[in-house]
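Reading through the structure tokens given below for one structure.
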Number of protein chains: 2
Amino acid sequence: MKGSDTRDRLLRAGLDLMSVSGLSGITLGQLAAATGLSKSGLFAHFQSKEHLEIELLNTSAATADHVVVEPIMLAPRGLPRLQAVMDHWLGWSHRAGLSGGCPVAAAMFELDDVEGEVRAHAAKLEFRWRAFLGELVRDARSLGHLTKETDPDQFVWELCGIYLSHHVSNRFYRDREAQTRARTAFAALVSRYESSPPEPEPPVKA
Amino acid sequence: MKGSDTRDRLLRAGLDLMSVSGLSGITLGQLAAATGLSKSGLFAHFQSKEHLEIELLNTSAATADHVVVEPIMLAPRGLPRLQAVMDHWLGWSHRAGLSGGCPVAAAMFELDDVEGEVRAHAAKLEFRWRAFLGELVRDARSLGHLTKETDPDQFVWELCGIYLSHHVSNRFYRDREAQTRARTAFAALVSRYESSPPEPEPPVKA
């Protein structure tokens, strides 16, 4: 399994580079240097730069599944699980040991005006992620933790805004308040849709 | 003034490229091709790639001053002026005739983990922009349109989240609902801090 070990090592090194410099910041020469392989050795694993980029996006998604999704799913269903999104999604790239920020967030800004299969693949992964978040909102709504009027798409849209603003304030501004700001924004978002005030326990609507 | 005309044309073409491909997507070769100049001709105008990038960020800011800030300042002070931010900020790069999205938003994700003077300059411009937004919030608060408890930094932080989520949904997803989603989020943000409820339907929580 030497070949697949090398491939894993390449993808891991590539993901780290991508988290710092973005997709366009990764050259095959850099990746070869970072892993001690020749450029032709790299081409044996990835047929093209596009193919490498798609594999890097997949590696990012697989890493996030492990570092973000798995711990979220350990929280109790409904609102507690939505709260767990805040604990595990924000700043995940640091906890995954990456040198830079969330590679997919950066890719969305990098690829927004660039057509092609890499963009299409990034969009597919991000749609999948938002569908996952939407399911958590729907679950909280069906359990009565959020009102029936809750619009899951609007909730997810605003949650993504909190994530992106946190990314910028945390990584670009290096603002120590980033986490507090994000939590305040999230609490306000939840309280707009919350079925019952937090004090009493019964989560079921009258 | 031939030299300064050429320089303006270079910066305009460069800003358009930057809006599509980001800072790292601009090569001197591309810019030379887009403007019919030689690479050495480009170097006569900009001493380095970094210098060109800083000038492009300045061009972006000057364009936004014209397309975003000037019309905002025509709106009546206070809440109407804050509302005008939504009308003129979101989607401004399209109204400025650029082929791609907001170059500074993309630069924040591109430069977040990259040290250097380009990053420092982008941060300076973005701080200036956020200070401007903060002033509008303070003004709305001092006029009594927003409550005394309004935290301008939190307001601006969340407003930037709305802007970023709109950028992604508008440009990356090409979602027709982007504008409506952004307006719903903004209305909720304002209503959290609004001094007096709009007569017909008080949105104030108990």
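So you can find residues: chains in the structure tokens are A, B, ... in the order shown, residues in each start at 1, and ligands are numbered from 1 in order.
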task = Run DSSP on the backbone and grab whatever in chain B lands in helix (DSSP H, G or I); send it over as a PyMOL selection string.
result = chain B and resi 2-21+23-25+28-35+39-45+49-74+79-88+92-95+103-110+117-142+152-172+178-193
Residues of chain B that have any atom at most 8 Å from an atom of chain A: could you tabulate them with the shortest-distance atom pair and the distance in Å to one decimal, using only C-alpha atoms, ordered by chain and increasing number, as a Markdown table?
| residue | atom | partner | partner_atom | distance |
| --- | --- | --- | --- | --- |
| B:Val20 | CA | A:Asp113 | CA | 5.3 |
| B:Ser21 | CA | A:Glu110 | CA | 6.7 |
| B:Gly22 | CA | A:Glu110 | CA | 6.5 |
| B:Ser24 | CA | A:Ser24 | CA | 6.9 |
| B:Gly25 | CA | A:Ser24 | CA | 7.1 |
| B:Gly100 | CA | A:Asp113 | CA | 5.8 |
| B:Gly101 | CA | A:Asp113 | CA | 7.3 |
| B:Ala105 | CA | A:Phe109 | CA | 7.8 |
| B:Ala106 | CA | A:Phe109 | CA | 5.3 |
| B:Met108 | CA | A:Phe172 | CA | 6.2 |
| B:Phe109 | CA | A:Ala106 | CA | 5.3 |
| B:Glu110 | CA | A:Gly22 | CA | 6.5 |
| B:Leu111 | CA | A:Phe172 | CA | 7.3 |
| B:Asp112 | CA | A:Phe172 | CA | 4.3 |
| B:Asp113 | CA | A:Val20 | CA | 5.3 |
| B:Val114 | CA | A:Val20 | CA | 6.9 |
| B:Ala123 | CA | A:Tyr173 | CA | 7.2 |
| B:Gln154 | CA | A:Arg181 | CA | 6.3 |
| B:Trp157 | CA | A:Ser165 | CA | 6.8 |
| B:Glu158 | CA | A:Ala185 | CA | 6.8 |
| B:Cys160 | CA | A:Ser165 | CA | 6.2 |
| B:Gly161 | CA | A:Gly161 | CA | 4.2 |
| B:Ile162 | CA | A:Gly161 | CA | 5.4 |
| B:Tyr163 | CA | A:Gly161 | CA | 7.7 |
| B:Leu164 | CA | A:Gly161 | CA | 6.1 |
| B:Ser165 | CA | A:Gly161 | CA | 4.6 |
| B:Val168 | CA | A:Met108 | CA | 6.8 |
| B:Arg171 | CA | A:Asp112 | CA | 5.5 |
| B:Phe172 | CA | A:Asp112 | CA | 4.3 |
| B:Tyr173 | CA | A:Ala123 | CA | 7.2 |
| B:Arg181 | CA | A:Gln154 | CA | 6.3 |
| B:Ala185 | CA | A:Glu158 | CA | 6.8 |
May I have the selected residues written with C-alpha atoms, as an mmCIF file, in the first residue's frame?
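Result written to out.cif:
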data_model
loop_
_atom_site.group_PDB
_atom_site.id
_atom_site.type_symbol
_atom_site.label_atom_id
_atom_site.label_comp_id
_atom_site.auth_asym_id
_atom_site.auth_seq_id
_atom_site.Cartn_x
_atom_site.Cartn_y
_atom_site.Cartn_z
ATOM 1 C CA VAL B 20 -12.487 37.616 -11.361
ATOM 2 C CA SER B 21 -9.284 35.803 -10.390
ATOM 3 C CA GLY B 22 -8.129 37.369 -7.131
ATOM 4 C CA SER B 24 -2.814 35.740 -7.014
ATOM 5 C CA GLY B 25 -4.655 35.239 -10.313
ATOM 6 C CA GLY B 100 -16.228 39.643 -10.978
ATOM 7 C CA GLY B 101 -17.080 40.069 -7.312
ATOM 8 C CA ALA B 105 -13.803 40.498 0.186
ATOM 9 C CA ALA B 106 -11.890 37.970 -1.902
ATOM 10 C CA MET B 108 -9.433 38.990 2.869
ATOM 11 C CA PHE B 109 -9.798 35.256 2.326
ATOM 12 C CA GLU B 110 -6.792 35.132 0.038
ATOM 13 C CA LEU B 111 -4.451 37.055 2.333
ATOM 14 C CA ASP B 112 -5.641 35.886 5.734
ATOM 15 C CA ASP B 113 -2.700 33.578 6.280
ATOM 16 C CA VAL B 114 -0.128 35.417 4.181
ATOM 17 C CA ALA B 123 -6.412 45.322 6.487
ATOM 18 C CA GLN B 154 -21.361 43.875 17.059
ATOM 19 C CA TRP B 157 -19.626 42.472 12.645
ATOM 20 C CA GLU B 158 -23.016 40.981 11.817
ATOM 21 C CA CYS B 160 -20.273 42.125 7.416
ATOM 22 C CA GLY B 161 -21.556 38.561 7.861
ATOM 23 C CA ILE B 162 -24.644 39.471 5.839
ATOM 24 C CA TYR B 163 -22.425 41.014 3.159
ATOM 25 C CA LEU B 164 -20.173 37.952 2.966
ATOM 26 C CA SER B 165 -23.065 35.490 2.916
ATOM 27 C CA VAL B 168 -21.213 33.763 -1.625
ATOM 28 C CA ARG B 171 -21.688 34.952 -6.879
ATOM 29 C CA PHE B 172 -20.785 31.389 -5.951
ATOM 30 C CA TYR B 173 -24.276 29.846 -5.843
ATOM 31 C CA ARG B 181 -32.197 36.584 2.268
ATOM 32 C CA ALA B 185 -31.305 39.183 7.867
#
key: Nearest to A:Gly116, chosen from A:Glu53, A:Ala13, A:Val104, A:Gln179, with only C-alpha atoms counted in the distances   = A:Glu53
task = Mind running a least-squares superposition of chain B onto chain A over all the C-alpha atoms, in order, and reading off the RMSD?
result = 2.7 Å
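Of the residues listed (B:Glu50, B:Met86, B:Gly36, B:Glu55), B:Glu55 shows the shortest atom-to-atom separation from B:Leu11; distances use only C-alpha atoms.
Among the candidates B:Asp16, B:Pro71, B:Thr6, B:Gln30, the one nearest to B:His45 when counting only C-alpha atoms is B:Thr6.
When atom CA of B:His94 is paired with atom CA of A:Lys124, their separation reads 25.1 Å.
The environment of A:Pro76 within 12 Å, counting only C-alpha atoms and disregarding residues fewer than 4 places along the same chain, consists of Pro71, Ile72, Pro80, Arg81, Leu82, Gln83, Ala84, Val85, Leu136, Asp139, Ala140 and Leu143 of chain A.
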